[in-house]
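Peer 1: Here's a structure for you.
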Amino acid sequence: MIQLNGVELAFRTFPNGETLVDGESISANIQDLNAISFKYENDSDLIKLMFVKSVLDERDKPASLLIYYMPYSRMDRVEGASVFTLKYAANLINSLQFKDVTVIEPHSDVTLALLNRSKAKYPTVELLEQVADEVGFDRDTDYLFFPDAGAQKRYSKVKGYKQLVG
């Protein structure tokens, strides 16, 4: 899913699998400074993102990018014969030269290190107090549970809670 300035853009697929971009939906929503929201669902979304940014570039209209889920973020290092696909996905996004990039809940710091002009946003941390109150979380007896050390590191800003990792 790709939105331009809050409006979801329309795409269709030709029988041979090529993407047809609805140029009217893009043209109708271009502003002087544009905000693209990107929710990765499959690899075709990456090429759609490239098409949308290319249209904006042709019209000399800058854009920021908000990534709801960074594709390939779990492949954030090389282990054995594995391929460092996060690096290549980040290279593609970097080649589009966004004004800035915001990643929601990146899997690791590697994502931000690879993406140019990037920052993270952690809604989970922002919502934690509200959720804790609603569920009756008792800070004296209850624990936040992180599935691994990477998750605990990702949410290291969370203070005042007992924590378990497992």
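As shown in the structure tokens, the chain order sets the letters A, B, ...; within each chain, residues go from 1, and ligands are also counted from 1 in the order they appear.
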I'd like a table as CSV: residues in range 83-130 of chain A with an atom no more than 10 Å from range 17-37 of chain A, each row giving the shortest atom pair and its distance in Å to one decimal, only C-alpha atoms counted, sorted by chain and rising residue number.

Peer 2:
```
residue,atom,partner,partner_atom,distance
A:Phe98,CA,A:Ile36,CA,9.5
A:Lys99,CA,A:Leu33,CA,9.4
A:Asp100,CA,A:Ala35,CA,9.8
A:Val101,CA,A:Ile36,CA,9.6
A:Thr102,CA,A:Ser37,CA,9.5
```

Peer 1: Would you write out those residues with all heavy atoms, as a PDB file, in the first residue's frame?

Peer 2:
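Done, and the output landed in result-v9.pdb:
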```pdb
ATOM      1  N   PHE A  98      14.945  10.319  -0.958  1.00  0.00           N
ATOM      2  CA  PHE A  98      13.897  10.999  -0.208  1.00  0.00           C
ATOM      3  C   PHE A  98      14.505  12.094   0.649  1.00  0.00           C
ATOM      4  O   PHE A  98      15.655  11.992   1.093  1.00  0.00           O
ATOM      5  CB  PHE A  98      13.131  10.006   0.672  1.00  0.00           C
ATOM      6  CG  PHE A  98      12.217   9.123  -0.116  1.00  0.00           C
ATOM      7  CD1 PHE A  98      12.626   7.865  -0.516  1.00  0.00           C
ATOM      8  CD2 PHE A  98      10.949   9.559  -0.466  1.00  0.00           C
ATOM      9  CE1 PHE A  98      11.781   7.051  -1.260  1.00  0.00           C
ATOM     10  CE2 PHE A  98      10.107   8.763  -1.202  1.00  0.00           C
ATOM     11  CZ  PHE A  98      10.518   7.502  -1.607  1.00  0.00           C
ATOM     12  N   LYS A  99      13.719  13.128   0.903  1.00  0.00           N
ATOM     13  CA  LYS A  99      14.148  14.237   1.764  1.00  0.00           C
ATOM     14  C   LYS A  99      14.489  13.702   3.153  1.00  0.00           C
ATOM     15  O   LYS A  99      15.490  14.072   3.747  1.00  0.00           O
ATOM     16  CB  LYS A  99      13.035  15.277   1.843  1.00  0.00           C
ATOM     17  CG  LYS A  99      13.360  16.512   2.628  1.00  0.00           C
ATOM     18  CD  LYS A  99      12.173  17.487   2.588  1.00  0.00           C
ATOM     19  CE  LYS A  99      12.454  18.721   3.385  1.00  0.00           C
ATOM     20  NZ  LYS A  99      12.437  18.509   4.816  1.00  0.00           N
ATOM     21  N   ASP A 100      13.645  12.817   3.676  1.00  0.00           N
ATOM     22  CA  ASP A 100      13.891  12.115   4.928  1.00  0.00           C
ATOM     23  C   ASP A 100      13.051  10.846   4.943  1.00  0.00           C
ATOM     24  O   ASP A 100      12.105  10.713   4.181  1.00  0.00           O
ATOM     25  CB  ASP A 100      13.603  12.995   6.154  1.00  0.00           C
ATOM     26  CG  ASP A 100      12.193  13.542   6.165  1.00  0.00           C
ATOM     27  OD1 ASP A 100      11.252  12.772   6.462  1.00  0.00           O
ATOM     28  OD2 ASP A 100      12.025  14.743   5.877  1.00  0.00           O
ATOM     29  N   VAL A 101      13.448   9.928   5.809  1.00  0.00           N
ATOM     30  CA  VAL A 101      12.782   8.627   5.906  1.00  0.00           C
ATOM     31  C   VAL A 101      12.497   8.343   7.379  1.00  0.00           C
ATOM     32  O   VAL A 101      13.403   8.434   8.212  1.00  0.00           O
ATOM     33  CB  VAL A 101      13.657   7.500   5.316  1.00  0.00           C
ATOM     34  CG1 VAL A 101      12.990   6.141   5.484  1.00  0.00           C
ATOM     35  CG2 VAL A 101      13.996   7.769   3.851  1.00  0.00           C
ATOM     36  N   THR A 102      11.261   7.998   7.694  1.00  0.00           N
ATOM     37  CA  THR A 102      10.881   7.594   9.047  1.00  0.00           C
ATOM     38  C   THR A 102      10.453   6.138   8.997  1.00  0.00           C
ATOM     39  O   THR A 102       9.624   5.767   8.165  1.00  0.00           O
ATOM     40  CB  THR A 102       9.724   8.460   9.585  1.00  0.00           C
ATOM     41  OG1 THR A 102      10.126   9.831   9.569  1.00  0.00           O
ATOM     42  CG2 THR A 102       9.353   8.053  11.005  1.00  0.00           C
TER      43      THR A 102
END
```

Peer 1: Do you know which residues are at most 10 Å from Leu49 in chain A counting only C-alpha atoms, after dropping those on the same chain fewer than 6 positions away, and could you put them as a list of chain:residue names?

Peer 2: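 That gives A:Met1, A:Ile2, A:Gln3, A:Ile36, A:Ser37, A:Phe38, A:Tyr40, A:Leu65, A:Ile93, A:Leu96.
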
Peer 1: With only C-alpha atoms as the counted atoms, please give the residues lying no more than 12 Å from Lys162 in chain A, apart from itself and same-chain residues fewer than 3 positions off, as a VMD selection string.

Peer 2: chain A and resid 137 to 146 152 158 to 159 165

Peer 1: For CA of Arg12 in chain A and CA of Lys48 in chain A, determine how far apart the two atoms are, in Å to one decimal place.

Peer 2: 10.5 Å

Peer 1: As a PyMOL selection string, please: every residue in chain A that DSSP puts in strand (DSSP E).

Peer 2: chain A and resi 2-4+7-8+11-13+19-21+34-39+63-69+101-104+118-121+143-146+162-165

Peer 1: Provide the CA of Asn42 in chain A to CA of Tyr155 in chain A distance in Å, to one decimal place.

Peer 2: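 One can read the CA of Asn42 in chain A to CA of Tyr155 in chain A distance as 26.7 Å.
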
Peer 1: For Leu128 in chain A, which residue among A:Gly160, A:Pro15, A:Gly80, A:Pro147 is the nearest when counting only C-alpha atoms?

Peer 2: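 The answer is A:Gly160, which sits nearest to Leu128 in chain A.
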
Peer 1: Kindly indicate which residue among A:Glu129, A:Ser82, A:Ser108, A:Gly136 lies nearest to Asp148 in chain A, using only C-alpha atoms for the distances.

Peer 2: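 Under the stated criterion, the closest residue is A:Ser108.
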
Peer 1: Please extract the residues of range 9-153 of chain A with a backbone DSSP assignment of helix (DSSP H, G or I) and present them as an NGL selection string.

Peer 2: :A and (23-27 or 44-58 or 85-95 or 109-114 or 123-135 or 149-153)

Peer 1: Measuring between only C-alpha atoms, which one of A:Lys121, A:Lys39, A:Lys157, A:His107 shows the shortest distance to Arg77 in chain A?

Peer 2: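 When distances to Arg77 in chain A are compared using only C-alpha atoms, the smallest one comes from A:His107.
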